[in-house]
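Asks: Contents are mmCIF, C-alpha atoms and all ligand atoms; file name target-v5.cif:
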data_target
#
loop_
_atom_site.group_PDB
_atom_site.id
_atom_site.type_symbol
_atom_site.label_atom_id
_atom_site.label_comp_id
_atom_site.auth_asym_id
_atom_site.auth_seq_id
_atom_site.Cartn_x
_atom_site.Cartn_y
_atom_site.Cartn_z
ATOM 1 C CA MET P 1 -7.491 29.121 -20.821
ATOM 2 C CA PHE P 2 -5.125 27.224 -18.521
ATOM 3 C CA ASP P 3 -2.170 29.619 -18.842
ATOM 4 C CA LEU P 4 0.845 28.475 -16.840
ATOM 5 C CA GLU P 5 2.282 32.011 -17.010
ATOM 6 C CA LEU P 6 5.805 30.708 -17.607
ATOM 7 C CA LYS P 7 6.483 33.114 -20.474
ATOM 8 C CA ASN P 8 9.823 34.908 -20.017
ATOM 9 C CA LYS P 9 10.547 33.114 -16.737
ATOM 10 C CA VAL P 10 14.199 32.122 -16.468
ATOM 11 C CA ALA P 11 14.587 28.415 -15.694
ATOM 12 C CA ILE P 12 17.726 26.368 -15.023
ATOM 13 C CA ILE P 13 17.339 22.614 -15.513
ATOM 14 C CA THR P 14 20.303 20.530 -14.393
ATOM 15 C CA GLY P 15 20.817 17.342 -16.377
ATOM 16 C CA GLY P 16 18.768 18.851 -19.191
ATOM 17 C CA SER P 17 20.466 17.148 -22.127
ATOM 18 C CA ASP P 18 18.702 13.783 -21.787
ATOM 19 C CA GLY P 19 15.634 12.006 -20.508
ATOM 20 C CA LEU P 20 13.413 13.759 -17.997
ATOM 21 C CA GLY P 21 15.434 16.981 -17.920
ATOM 22 C CA ARG P 22 15.328 17.303 -21.700
ATOM 23 C CA ALA P 23 11.553 16.763 -21.785
ATOM 24 C CA THR P 24 11.193 19.407 -19.077
ATOM 25 C CA ALA P 25 13.362 21.856 -21.008
ATOM 26 C CA LYS P 26 11.152 21.291 -24.045
ATOM 27 C CA ARG P 27 7.995 21.949 -22.017
ATOM 28 C CA PHE P 28 9.344 25.160 -20.477
ATOM 29 C CA ALA P 29 10.683 26.455 -23.806
ATOM 30 C CA SER P 30 7.330 25.687 -25.472
ATOM 31 C CA GLU P 31 5.662 27.795 -22.779
ATOM 32 C CA GLY P 32 7.944 30.727 -23.637
ATOM 33 C CA ALA P 33 10.368 30.408 -20.711
ATOM 34 C CA LYS P 34 14.060 31.203 -21.132
ATOM 35 C CA VAL P 35 15.738 27.902 -20.442
ATOM 36 C CA VAL P 36 19.286 26.987 -19.435
ATOM 37 C CA ILE P 37 20.226 23.315 -19.467
ATOM 38 C CA CYS P 38 23.455 21.921 -18.034
ATOM 39 C CA ALA P 39 25.242 18.569 -18.236
ATOM 40 C CA ARG P 40 28.845 17.290 -18.314
ATOM 41 C CA ARG P 41 29.163 16.037 -21.935
ATOM 42 C CA GLU P 42 29.504 19.300 -23.794
ATOM 43 C CA GLU P 43 28.953 18.184 -27.369
ATOM 44 C CA HIS P 44 25.846 16.173 -26.484
ATOM 45 C CA LEU P 45 24.543 19.093 -24.402
ATOM 46 C CA MET P 46 25.024 21.682 -27.132
ATOM 47 C CA GLN P 47 23.347 19.386 -29.672
ATOM 48 C CA ALA P 48 20.388 18.930 -27.322
ATOM 49 C CA ALA P 49 20.100 22.699 -26.835
ATOM 50 C CA GLU P 50 20.158 23.264 -30.579
ATOM 51 C CA ASP P 51 17.562 20.555 -31.196
ATOM 52 C CA LEU P 52 15.330 22.004 -28.474
ATOM 53 C CA ARG P 53 15.551 25.474 -30.003
ATOM 54 C CA LYS P 54 14.458 24.020 -33.352
ATOM 55 C CA GLU P 55 11.686 21.877 -31.847
ATOM 56 C CA THR P 56 10.179 24.713 -29.795
ATOM 57 C CA ASN P 57 11.253 27.868 -31.566
ATOM 58 C CA GLY P 58 12.130 28.906 -28.026
ATOM 59 C CA SER P 59 15.083 30.135 -26.011
ATOM 60 C CA VAL P 60 17.328 27.283 -24.809
ATOM 61 C CA LEU P 61 20.999 27.652 -23.886
ATOM 62 C CA GLY P 62 23.392 24.834 -23.036
ATOM 63 C CA MET P 63 25.990 25.559 -20.347
ATOM 64 C CA LYS P 64 28.452 22.798 -19.487
ATOM 65 C CA ALA P 65 28.492 22.147 -15.738
ATOM 66 C CA ASP P 66 29.037 19.229 -13.373
ATOM 67 C CA VAL P 67 26.842 19.800 -10.304
ATOM 68 C CA CYS P 68 29.391 17.838 -8.236
ATOM 69 C CA LYS P 69 31.806 20.752 -8.703
ATOM 70 C CA ALA P 70 31.104 23.885 -6.664
ATOM 71 C CA GLU P 71 32.919 26.123 -9.137
ATOM 72 C CA ASP P 72 30.789 24.788 -12.031
ATOM 73 C CA CYS P 73 27.580 25.537 -10.105
ATOM 74 C CA THR P 74 28.729 29.104 -9.378
ATOM 75 C CA LYS P 75 29.645 29.623 -13.025
ATOM 76 C CA LEU P 76 26.295 28.234 -14.212
ATOM 77 C CA ILE P 77 24.381 30.625 -11.941
ATOM 78 C CA ASP P 78 26.542 33.627 -12.905
ATOM 79 C CA GLN P 79 26.308 32.921 -16.647
ATOM 80 C CA THR P 80 22.532 32.483 -16.463
ATOM 81 C CA VAL P 81 22.106 35.816 -14.692
ATOM 82 C CA GLU P 82 24.461 37.492 -17.137
ATOM 83 C CA GLU P 83 22.546 36.069 -20.098
ATOM 84 C CA PHE P 84 18.948 36.444 -18.894
ATOM 85 C CA GLY P 85 19.062 38.977 -16.040
ATOM 86 C CA GLY P 86 17.948 36.717 -13.171
ATOM 87 C CA ILE P 87 16.643 33.296 -12.123
ATOM 88 C CA ASP P 88 12.989 32.395 -11.443
ATOM 89 C CA ILE P 89 13.039 28.607 -11.567
ATOM 90 C CA LEU P 90 15.529 25.880 -10.655
ATOM 91 C CA ILE P 91 14.993 22.191 -11.430
ATOM 92 C CA ASN P 92 17.532 20.019 -9.607
ATOM 93 C CA ASN P 93 17.198 17.062 -11.964
ATOM 94 C CA ALA P 94 20.772 15.818 -12.586
ATOM 95 C CA GLY P 95 21.316 12.345 -11.178
ATOM 96 C CA LYS P 96 21.858 8.692 -11.897
ATOM 97 C CA SER P 97 20.690 5.431 -10.479
ATOM 98 C CA ALA P 98 22.707 3.709 -7.733
ATOM 99 C CA ALA P 99 21.097 0.737 -6.010
ATOM 100 C CA SER P 100 23.066 -1.759 -3.974
ATOM 101 C CA GLY P 101 23.512 -3.278 -0.503
ATOM 102 C CA LEU P 102 25.376 -2.269 2.627
ATOM 103 C CA GLU P 103 28.500 -4.400 2.246
ATOM 104 C CA ALA P 104 28.952 -3.686 -1.459
ATOM 105 C CA LEU P 105 29.237 0.051 -0.907
ATOM 106 C CA SER P 106 32.489 1.823 -0.067
ATOM 107 C CA ASP P 107 32.739 5.204 1.638
ATOM 108 C CA GLU P 108 33.613 6.655 -1.761
ATOM 109 C CA ALA P 109 30.429 5.281 -3.352
ATOM 110 C CA TRP P 110 28.309 6.812 -0.557
ATOM 111 C CA GLN P 111 30.160 10.104 -0.837
ATOM 112 C CA GLU P 112 29.777 10.187 -4.611
ATOM 113 C CA ASP P 113 26.025 9.633 -4.476
ATOM 114 C CA LEU P 114 25.469 12.231 -1.755
ATOM 115 C CA ASP P 115 27.676 14.678 -3.601
ATOM 116 C CA LEU P 116 25.669 14.353 -6.817
ATOM 117 C CA LYS P 117 22.120 14.089 -5.516
ATOM 118 C CA LEU P 118 22.199 16.064 -2.269
ATOM 119 C CA MET P 119 25.142 18.461 -2.454
ATOM 120 C CA GLY P 120 24.482 19.183 -6.144
ATOM 121 C CA ALA P 121 20.992 20.410 -5.234
ATOM 122 C CA ILE P 122 22.265 22.307 -2.171
ATOM 123 C CA ARG P 123 24.933 24.130 -4.188
ATOM 124 C CA MET P 124 22.462 25.090 -6.903
ATOM 125 C CA CYS P 125 19.818 26.268 -4.390
ATOM 126 C CA ARG P 126 22.394 28.318 -2.462
ATOM 127 C CA GLY P 127 23.470 30.023 -5.675
ATOM 128 C CA ALA P 128 19.993 30.574 -7.135
ATOM 129 C CA VAL P 129 18.016 31.714 -4.074
ATOM 130 C CA PRO P 130 19.542 35.240 -3.773
ATOM 131 C CA HIS P 131 18.616 35.831 -7.426
ATOM 132 C CA MET P 132 15.076 34.517 -6.880
ATOM 133 C CA ARG P 133 14.709 36.938 -3.961
ATOM 134 C CA LYS P 134 15.692 39.794 -6.268
ATOM 135 C CA MET P 135 12.977 38.658 -8.707
ATOM 136 C CA GLY P 136 10.416 38.765 -5.864
ATOM 137 C CA GLY P 137 10.027 34.981 -5.629
ATOM 138 C CA GLY P 138 10.718 31.738 -7.410
ATOM 139 C CA SER P 139 10.192 28.011 -7.593
ATOM 140 C CA ILE P 140 12.520 25.067 -7.012
ATOM 141 C CA VAL P 141 11.768 21.441 -7.865
ATOM 142 C CA ASN P 142 14.011 18.640 -6.634
ATOM 143 C CA ALA P 143 13.927 15.276 -8.408
ATOM 144 C CA THR P 144 13.857 12.482 -5.802
ATOM 145 C CA THR P 145 12.339 8.986 -5.718
ATOM 146 C CA GLY P 146 9.673 7.008 -3.890
ATOM 147 C CA ALA P 147 12.511 5.073 -2.222
ATOM 148 C CA GLY P 148 13.322 8.288 -0.370
ATOM 149 C CA LYS P 149 10.026 7.824 1.481
ATOM 150 C CA ALA P 150 9.763 4.034 1.559
ATOM 151 C CA PRO P 151 13.109 2.281 0.957
ATOM 152 C CA GLY P 152 13.124 -1.239 -0.402
ATOM 153 C CA SER P 153 15.960 -3.709 0.062
ATOM 154 C CA LEU P 154 19.213 -3.112 -1.866
ATOM 155 C CA ALA P 155 18.294 0.467 -2.775
ATOM 156 C CA LEU P 156 21.352 2.107 -1.196
ATOM 157 C CA PRO P 157 22.740 4.710 -1.373
ATOM 158 C CA THR P 158 19.995 6.305 -3.495
ATOM 159 C CA SER P 159 17.196 5.762 -0.985
ATOM 160 C CA VAL P 160 19.210 7.634 1.658
ATOM 161 C CA SER P 161 20.294 10.462 -0.683
ATOM 162 C CA ARG P 162 16.693 10.865 -1.857
ATOM 163 C CA ALA P 163 15.322 10.896 1.714
ATOM 164 C CA ALA P 164 17.775 13.732 2.333
ATOM 165 C CA GLY P 165 16.489 15.428 -0.834
ATOM 166 C CA ASN P 166 12.910 15.237 0.443
ATOM 167 C CA ASN P 167 13.996 16.639 3.801
ATOM 168 C CA LEU P 168 15.946 19.414 2.082
ATOM 169 C CA THR P 169 12.796 20.224 0.103
ATOM 170 C CA LYS P 170 10.657 20.675 3.219
ATOM 171 C CA SER P 171 13.399 22.527 5.123
ATOM 172 C CA LEU P 172 13.899 25.022 2.301
ATOM 173 C CA ALA P 173 10.137 25.391 1.753
ATOM 174 C CA ASN P 174 9.843 26.395 5.420
ATOM 175 C CA GLU P 175 12.803 28.757 5.294
ATOM 176 C CA LEU P 176 12.006 30.426 1.974
ATOM 177 C CA ALA P 177 8.207 30.790 2.052
ATOM 178 C CA LYS P 178 8.600 34.319 3.421
ATOM 179 C CA ASP P 179 10.528 35.184 0.243
ATOM 180 C CA LYS P 180 7.765 33.688 -1.958
ATOM 181 C CA ILE P 181 10.136 30.948 -3.049
ATOM 182 C CA ARG P 182 8.323 27.627 -3.299
ATOM 183 C CA VAL P 183 10.179 24.321 -3.013
ATOM 184 C CA ASN P 184 8.733 20.940 -3.991
ATOM 185 C CA ALA P 185 10.019 17.464 -4.778
ATOM 186 C CA VAL P 186 8.871 14.984 -7.409
ATOM 187 C CA CYS P 187 9.331 11.389 -6.231
ATOM 188 C CA ILE P 188 9.958 9.548 -9.474
ATOM 189 C CA GLY P 189 9.129 5.886 -10.044
ATOM 190 C CA LEU P 190 9.984 4.271 -13.396
ATOM 191 C CA ILE P 191 9.925 6.726 -16.300
ATOM 192 C CA LYS P 192 11.237 6.331 -19.858
ATOM 193 C CA SER P 193 14.570 8.088 -20.284
ATOM 194 C CA ALA P 194 18.085 7.782 -21.668
ATOM 195 C CA GLN P 195 19.265 5.888 -18.574
ATOM 196 C CA TRP P 196 16.838 3.033 -19.335
ATOM 197 C CA GLU P 197 17.772 3.115 -23.036
ATOM 198 C CA ARG P 198 21.412 2.605 -22.022
ATOM 199 C CA ARG P 199 20.507 -0.314 -19.771
ATOM 200 C CA SER P 200 18.376 -2.096 -22.360
ATOM 201 C CA GLU P 201 21.018 -1.906 -25.096
ATOM 202 C CA LYS P 202 21.073 -5.654 -25.653
ATOM 203 C CA GLY P 203 17.341 -6.231 -26.286
ATOM 204 C CA SER P 204 14.183 -4.528 -27.508
ATOM 205 C CA LEU P 205 13.453 -1.302 -25.653
ATOM 206 C CA GLU P 206 9.697 -1.845 -25.901
ATOM 207 C CA GLU P 207 9.910 -5.288 -24.295
ATOM 208 C CA PHE P 208 12.168 -3.880 -21.608
ATOM 209 C CA TYR P 209 9.657 -1.119 -20.779
ATOM 210 C CA ASN P 210 6.766 -3.625 -20.830
ATOM 211 C CA GLU P 211 8.616 -5.811 -18.333
ATOM 212 C CA LEU P 212 9.380 -2.829 -16.083
ATOM 213 C CA GLY P 213 5.768 -1.679 -16.390
ATOM 214 C CA ASN P 214 4.530 -4.970 -14.952
ATOM 215 C CA LYS P 215 5.926 -3.873 -11.565
ATOM 216 C CA VAL P 216 3.759 -0.741 -11.580
ATOM 217 C CA PRO P 217 0.134 -0.720 -10.300
ATOM 218 C CA LEU P 218 -0.995 1.301 -13.351
ATOM 219 C CA GLY P 219 0.696 -1.350 -15.525
ATOM 220 C CA ARG P 220 3.161 0.819 -17.425
ATOM 221 C CA VAL P 221 6.251 2.948 -17.041
ATOM 222 C CA GLY P 222 5.791 6.710 -17.203
ATOM 223 C CA GLU P 223 6.559 9.061 -20.073
ATOM 224 C CA ALA P 224 9.180 11.791 -19.696
ATOM 225 C CA GLU P 225 6.508 14.287 -20.804
ATOM 226 C CA GLU P 226 4.376 13.322 -17.774
ATOM 227 C CA TYR P 227 7.237 14.385 -15.512
ATOM 228 C CA ALA P 228 7.688 17.593 -17.541
ATOM 229 C CA ASP P 229 3.971 18.396 -17.183
ATOM 230 C CA LEU P 230 4.061 18.010 -13.402
ATOM 231 C CA VAL P 231 7.261 20.040 -13.009
ATOM 232 C CA ALA P 232 5.887 22.807 -15.235
ATOM 233 C CA PHE P 233 2.635 22.885 -13.259
ATOM 234 C CA LEU P 234 4.479 23.060 -9.920
ATOM 235 C CA CYS P 235 6.564 26.013 -11.155
ATOM 236 C CA SER P 236 3.646 27.807 -12.741
ATOM 237 C CA ALA P 237 1.222 30.425 -11.494
ATOM 238 C CA ARG P 238 -1.348 27.590 -11.307
ATOM 239 C CA GLY P 239 0.788 25.892 -8.641
ATOM 240 C CA ALA P 240 1.252 29.083 -6.618
ATOM 241 C CA TYR P 241 -0.225 27.622 -3.399
ATOM 242 C CA ILE P 242 1.887 24.456 -3.456
ATOM 243 C CA THR P 243 5.094 24.310 -1.431
ATOM 244 C CA GLY P 244 6.846 21.785 0.805
ATOM 245 C CA THR P 245 5.357 18.745 -0.928
ATOM 246 C CA ALA P 246 6.955 15.569 -2.263
ATOM 247 C CA ILE P 247 4.617 14.242 -4.946
ATOM 248 C CA ASN P 248 4.794 10.631 -6.103
ATOM 249 C CA LEU P 249 4.952 10.375 -9.901
ATOM 250 C CA ASP P 250 5.067 6.631 -10.241
ATOM 251 C CA GLY P 251 1.783 5.047 -11.359
ATOM 252 C CA GLY P 252 1.144 3.971 -7.756
ATOM 253 C CA LEU P 253 4.493 2.221 -7.205
ATOM 254 C CA CYS P 254 5.456 3.850 -3.914
ATOM 255 C CA PRO P 255 3.659 2.143 -1.013
ATOM 256 C CA VAL P 256 3.245 5.376 0.941
ATOM 257 C CA ILE P 257 1.680 8.752 0.149
HETATM 258 N N1 LIG B 301 13.919 7.709 -15.247
HETATM 259 C C1 LIG B 301 13.613 7.093 -14.116
HETATM 260 O O1 LIG B 301 12.926 6.065 -14.122
HETATM 261 C C2 LIG B 301 14.115 7.656 -12.802
HETATM 262 C C3 LIG B 301 13.785 6.963 -11.633
HETATM 263 C C4 LIG B 301 14.164 7.508 -10.416
HETATM 264 C C5 LIG B 301 14.882 8.697 -10.375
HETATM 265 N N2 LIG B 301 15.209 9.333 -11.532
HETATM 266 C C6 LIG B 301 15.981 10.584 -11.438
HETATM 267 O O2 LIG B 301 15.494 11.541 -12.365
HETATM 268 C C7 LIG B 301 16.560 12.375 -12.797
HETATM 269 C C8 LIG B 301 16.649 12.349 -14.321
HETATM 270 O O3 LIG B 301 16.962 11.014 -14.701
HETATM 271 P P1 LIG B 301 16.850 10.448 -16.187
HETATM 272 O O4 LIG B 301 16.229 9.123 -16.057
HETATM 273 O O5 LIG B 301 16.270 11.457 -17.084
HETATM 274 O O6 LIG B 301 18.416 10.222 -16.495
HETATM 275 P P2 LIG B 301 19.224 10.327 -17.874
HETATM 276 O O7 LIG B 301 18.341 10.069 -19.013
HETATM 277 O O8 LIG B 301 20.414 9.470 -17.658
HETATM 278 O O9 LIG B 301 19.689 11.859 -17.897
HETATM 279 C C9 LIG B 301 20.545 12.337 -16.886
HETATM 280 C C10 LIG B 301 20.964 13.751 -17.212
HETATM 281 O O10 LIG B 301 21.752 14.257 -16.118
HETATM 282 C C11 LIG B 301 23.025 14.697 -16.598
HETATM 283 N N3 LIG B 301 23.992 14.529 -15.509
HETATM 284 C C12 LIG B 301 24.376 13.402 -14.884
HETATM 285 N N4 LIG B 301 25.287 13.672 -13.939
HETATM 286 C C13 LIG B 301 25.462 15.023 -13.940
HETATM 287 C C14 LIG B 301 26.278 15.915 -13.194
HETATM 288 N N5 LIG B 301 27.133 15.463 -12.254
HETATM 289 N N6 LIG B 301 26.207 17.241 -13.450
HETATM 290 C C15 LIG B 301 25.376 17.705 -14.420
HETATM 291 N N7 LIG B 301 24.582 16.906 -15.154
HETATM 292 C C16 LIG B 301 24.633 15.577 -14.927
HETATM 293 C C17 LIG B 301 23.269 13.831 -17.847
HETATM 294 O O11 LIG B 301 24.198 14.394 -18.771
HETATM 295 P P3 LIG B 301 25.807 14.089 -18.659
HETATM 296 O O12 LIG B 301 25.954 12.616 -18.467
HETATM 297 O O13 LIG B 301 26.367 14.608 -19.927
HETATM 298 O O14 LIG B 301 26.285 14.899 -17.470
HETATM 299 C C18 LIG B 301 21.854 13.840 -18.438
HETATM 300 O O15 LIG B 301 21.596 15.077 -19.085
HETATM 301 C C19 LIG B 301 17.813 11.850 -12.107
HETATM 302 O O16 LIG B 301 18.058 12.568 -10.928
HETATM 303 C C20 LIG B 301 17.447 10.415 -11.783
HETATM 304 O O17 LIG B 301 18.190 9.862 -10.717
HETATM 305 C C21 LIG B 301 14.840 8.837 -12.747
#
How does the structure come out when it is put into C-alpha cells?

Replies:
Amino acid sequence: MFDLELKNKVAIITGGSDGLGRATAKRFASEGAKVVICARREEHLMQAAEDLRKETNGSVLGMKADVCKAEDCTKLIDQTVEEFGGIDILINNAGKSAASGLEALSDEAWQEDLDLKLMGAIRMCRGAVPHMRKMGGGSIVNATTGAGKAPGSLALPTSVSRAAGNNLTKSLANELAKDKIRVNAVCIGLIKSAQWERRSEKGSLEEFYNELGNKVPLGRVGEAEEYADLVAFLCSARGAYITGTAINLDGGLCPVI
C-alpha cells in the first residue's frame, strides 16, 4: 500500500478556502491529517471548513488570517499549536495573480505583491519552524510559478516575487535540513481554481479553460486535485528524500526545468 503517513500530522494551509488550497486541505484531511486553513473572508472560510469536514469526515479548522499582517500570522501559529499541540506541515499557498509591465507598476503595487507572496511565506515559516523542530522535523511547500524561473514579458511583479519564493525555498532547505525540515516549491502553471472562475464570469467556464489549455503543451489546464496530490506527496513519508526542489506543475508550460 502507498501510505503517505499523513495521519495525525498537523498541517496549516494558507489560502485554504478556495481553489488549490481548498483541494489540498481536502486531500490532507482525507489522509487523516489535522488541517488548519486560513483566509481573509471569514464567512467564506468558515463555510469552506465546514464543507471540508463533511466531505472528508476529517479534522479541518478555519482560522481567519491575512498573511500580509504579521500579527495575524503569529496568531494563526499560536492558535494552531494551542488546538493541535504542534505543527508538522506548512503550505504557503495564499496569493493572487499580478501580471503587468514596468511603467504600469507603482512602488505600492510592487510592495503589495512582495508582501503577500514573499513576506507572507517568510512570516509563516519563521513562526512555524520552531514548532517543527520540537516535533523532530517537518515539511514546507511554497506555491510559486514557472515565471519565477523563466519570466515572460509583462509578468511583473509576480515573476520577481516568485523567483524570490524559489530562492527562499532553496535557502531554507539548506538551512533547515539539519533539523529534518524539508522545503520545496511547486511552480504552478495554469490550474482550475476560484481565481479563474472569477475572471471568466462573463462567458462559459469550460470554453475559457479550453482556450487557456491551448497554450499548454499537454493541451489542457490542470486540476486543483493534481496540485493537491503533488503537495501531499512532497509532505509525506514517501517524499522524505526530497528537499530544495522547485517542481514545475504545468503540463510542460515552463520552458526550463
Ligand atoms: N490557479 C492557477 O492557475 C495559478 C497559477 C499560478 C500561481 N497560482 C498561485 O497558487 C496559489 C493558489 O491560487 P488559486 O488559483 O487557488 O487562487 P484562488 O482560487 O483565488 O484562492 C486564493 C486563496 O487565497 C486566499 N488569500 C488571498 N490573499 C490572502 C491573504 N492575504 N491572506 C490569507 N489568505 C489569502 C483567498 O481567500 P481570501 O480572499 O478570503 O483571503 C483564497 O482562499 C496562489 O498563490 C496563486 O498565486 C495559481

Asks: Apply the PyMOL selection byres (((chain P and resi 137-152) around 8) and not hetatm) to the displayed file and report the matching residues as number ranges by chain.

Replies: P: 87-93, 121, 125, 132-136, 153-155, 158-166, 169, 179-189, 231, 234-235, 248, 250, 253-256

Asks: Write the residues of the preceding selection, restricted to C-alpha atoms, as a PDB file, in the frame of the given file.

Replies:
ATOM      1  CA  ILE P  87      16.643  33.296 -12.123  1.00  0.00           C
ATOM      2  CA  ASP P  88      12.989  32.395 -11.443  1.00  0.00           C
ATOM      3  CA  ILE P  89      13.039  28.607 -11.567  1.00  0.00           C
ATOM      4  CA  LEU P  90      15.529  25.880 -10.655  1.00  0.00           C
ATOM      5  CA  ILE P  91      14.993  22.191 -11.430  1.00  0.00           C
ATOM      6  CA  ASN P  92      17.532  20.019  -9.607  1.00  0.00           C
ATOM      7  CA  ASN P  93      17.198  17.062 -11.964  1.00  0.00           C
ATOM      8  CA  ALA P 121      20.992  20.410  -5.234  1.00  0.00           C
ATOM      9  CA  CYS P 125      19.818  26.268  -4.390  1.00  0.00           C
ATOM     10  CA  MET P 132      15.076  34.517  -6.880  1.00  0.00           C
ATOM     11  CA  ARG P 133      14.709  36.938  -3.961  1.00  0.00           C
ATOM     12  CA  LYS P 134      15.692  39.794  -6.268  1.00  0.00           C
ATOM     13  CA  MET P 135      12.977  38.658  -8.707  1.00  0.00           C
ATOM     14  CA  GLY P 136      10.416  38.765  -5.864  1.00  0.00           C
ATOM     15  CA  SER P 153      15.960  -3.709   0.062  1.00  0.00           C
ATOM     16  CA  LEU P 154      19.213  -3.112  -1.866  1.00  0.00           C
ATOM     17  CA  ALA P 155      18.294   0.467  -2.775  1.00  0.00           C
ATOM     18  CA  THR P 158      19.995   6.305  -3.495  1.00  0.00           C
ATOM     19  CA  SER P 159      17.196   5.762  -0.985  1.00  0.00           C
ATOM     20  CA  VAL P 160      19.210   7.634   1.658  1.00  0.00           C
ATOM     21  CA  SER P 161      20.294  10.462  -0.683  1.00  0.00           C
ATOM     22  CA  ARG P 162      16.693  10.865  -1.857  1.00  0.00           C
ATOM     23  CA  ALA P 163      15.322  10.896   1.714  1.00  0.00           C
ATOM     24  CA  ALA P 164      17.775  13.732   2.333  1.00  0.00           C
ATOM     25  CA  GLY P 165      16.489  15.428  -0.834  1.00  0.00           C
ATOM     26  CA  ASN P 166      12.910  15.237   0.443  1.00  0.00           C
ATOM     27  CA  THR P 169      12.796  20.224   0.103  1.00  0.00           C
ATOM     28  CA  ASP P 179      10.528  35.184   0.243  1.00  0.00           C
ATOM     29  CA  LYS P 180       7.765  33.688  -1.958  1.00  0.00           C
ATOM     30  CA  ILE P 181      10.136  30.948  -3.049  1.00  0.00           C
ATOM     31  CA  ARG P 182       8.323  27.627  -3.299  1.00  0.00           C
ATOM     32  CA  VAL P 183      10.179  24.321  -3.013  1.00  0.00           C
ATOM     33  CA  ASN P 184       8.733  20.940  -3.991  1.00  0.00           C
ATOM     34  CA  ALA P 185      10.019  17.464  -4.778  1.00  0.00           C
ATOM     35  CA  VAL P 186       8.871  14.984  -7.409  1.00  0.00           C
ATOM     36  CA  CYS P 187       9.331  11.389  -6.231  1.00  0.00           C
ATOM     37  CA  ILE P 188       9.958   9.548  -9.474  1.00  0.00           C
ATOM     38  CA  GLY P 189       9.129   5.886 -10.044  1.00  0.00           C
ATOM     39  CA  VAL P 231       7.261  20.040 -13.009  1.00  0.00           C
ATOM     40  CA  LEU P 234       4.479  23.060  -9.920  1.00  0.00           C
ATOM     41  CA  CYS P 235       6.564  26.013 -11.155  1.00  0.00           C
ATOM     42  CA  ASN P 248       4.794  10.631  -6.103  1.00  0.00           C
ATOM     43  CA  ASP P 250       5.067   6.631 -10.241  1.00  0.00           C
ATOM     44  CA  LEU P 253       4.493   2.221  -7.205  1.00  0.00           C
ATOM     45  CA  CYS P 254       5.456   3.850  -3.914  1.00  0.00           C
ATOM     46  CA  PRO P 255       3.659   2.143  -1.013  1.00  0.00           C
ATOM     47  CA  VAL P 256       3.245   5.376   0.941  1.00  0.00           C
TER      48      VAL P 256
END

Asks: Of the candidates P:Lys9, P:Lys69, P:Arg40, P:Lys178, which shows the shortest atom-to-atom distance to ligand LIG 301 (chain B), using all atoms listed in the file?

Replies: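 Result for the nearest residue to ligand LIG 301 (chain B): P:Arg40.
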
Asks: Quick one: residues within 7 Å of ligand LIG 301 (chain B), with only C-alpha atoms and all ligand atoms, as an MDAnalysis selection string?

Replies: chainID P and resid 14:21 38:42 44:45 65:68 93:97 116:117 143:145 188:196

Asks: Taking only C-alpha atoms into account, name the residue in P:Leu76, P:Leu102, P:Leu114, P:Ala33 that is nearest to Gly127 of chain P.

Replies: P:Leu76

Asks: Skipping near chain neighbours, those fewer than 2 positions away, what residues fall within 8 Å of segment 48-61 of chain P using only C-alpha atoms, listed as a list in words?

Replies: Ser17, Asp18, Arg22, Ala25, Lys26, Ala29, Ser30, Gly32, Ala33, Lys34, Val35, Val36, Ile37, His44, Leu45, Met46 and Met63 of chain P
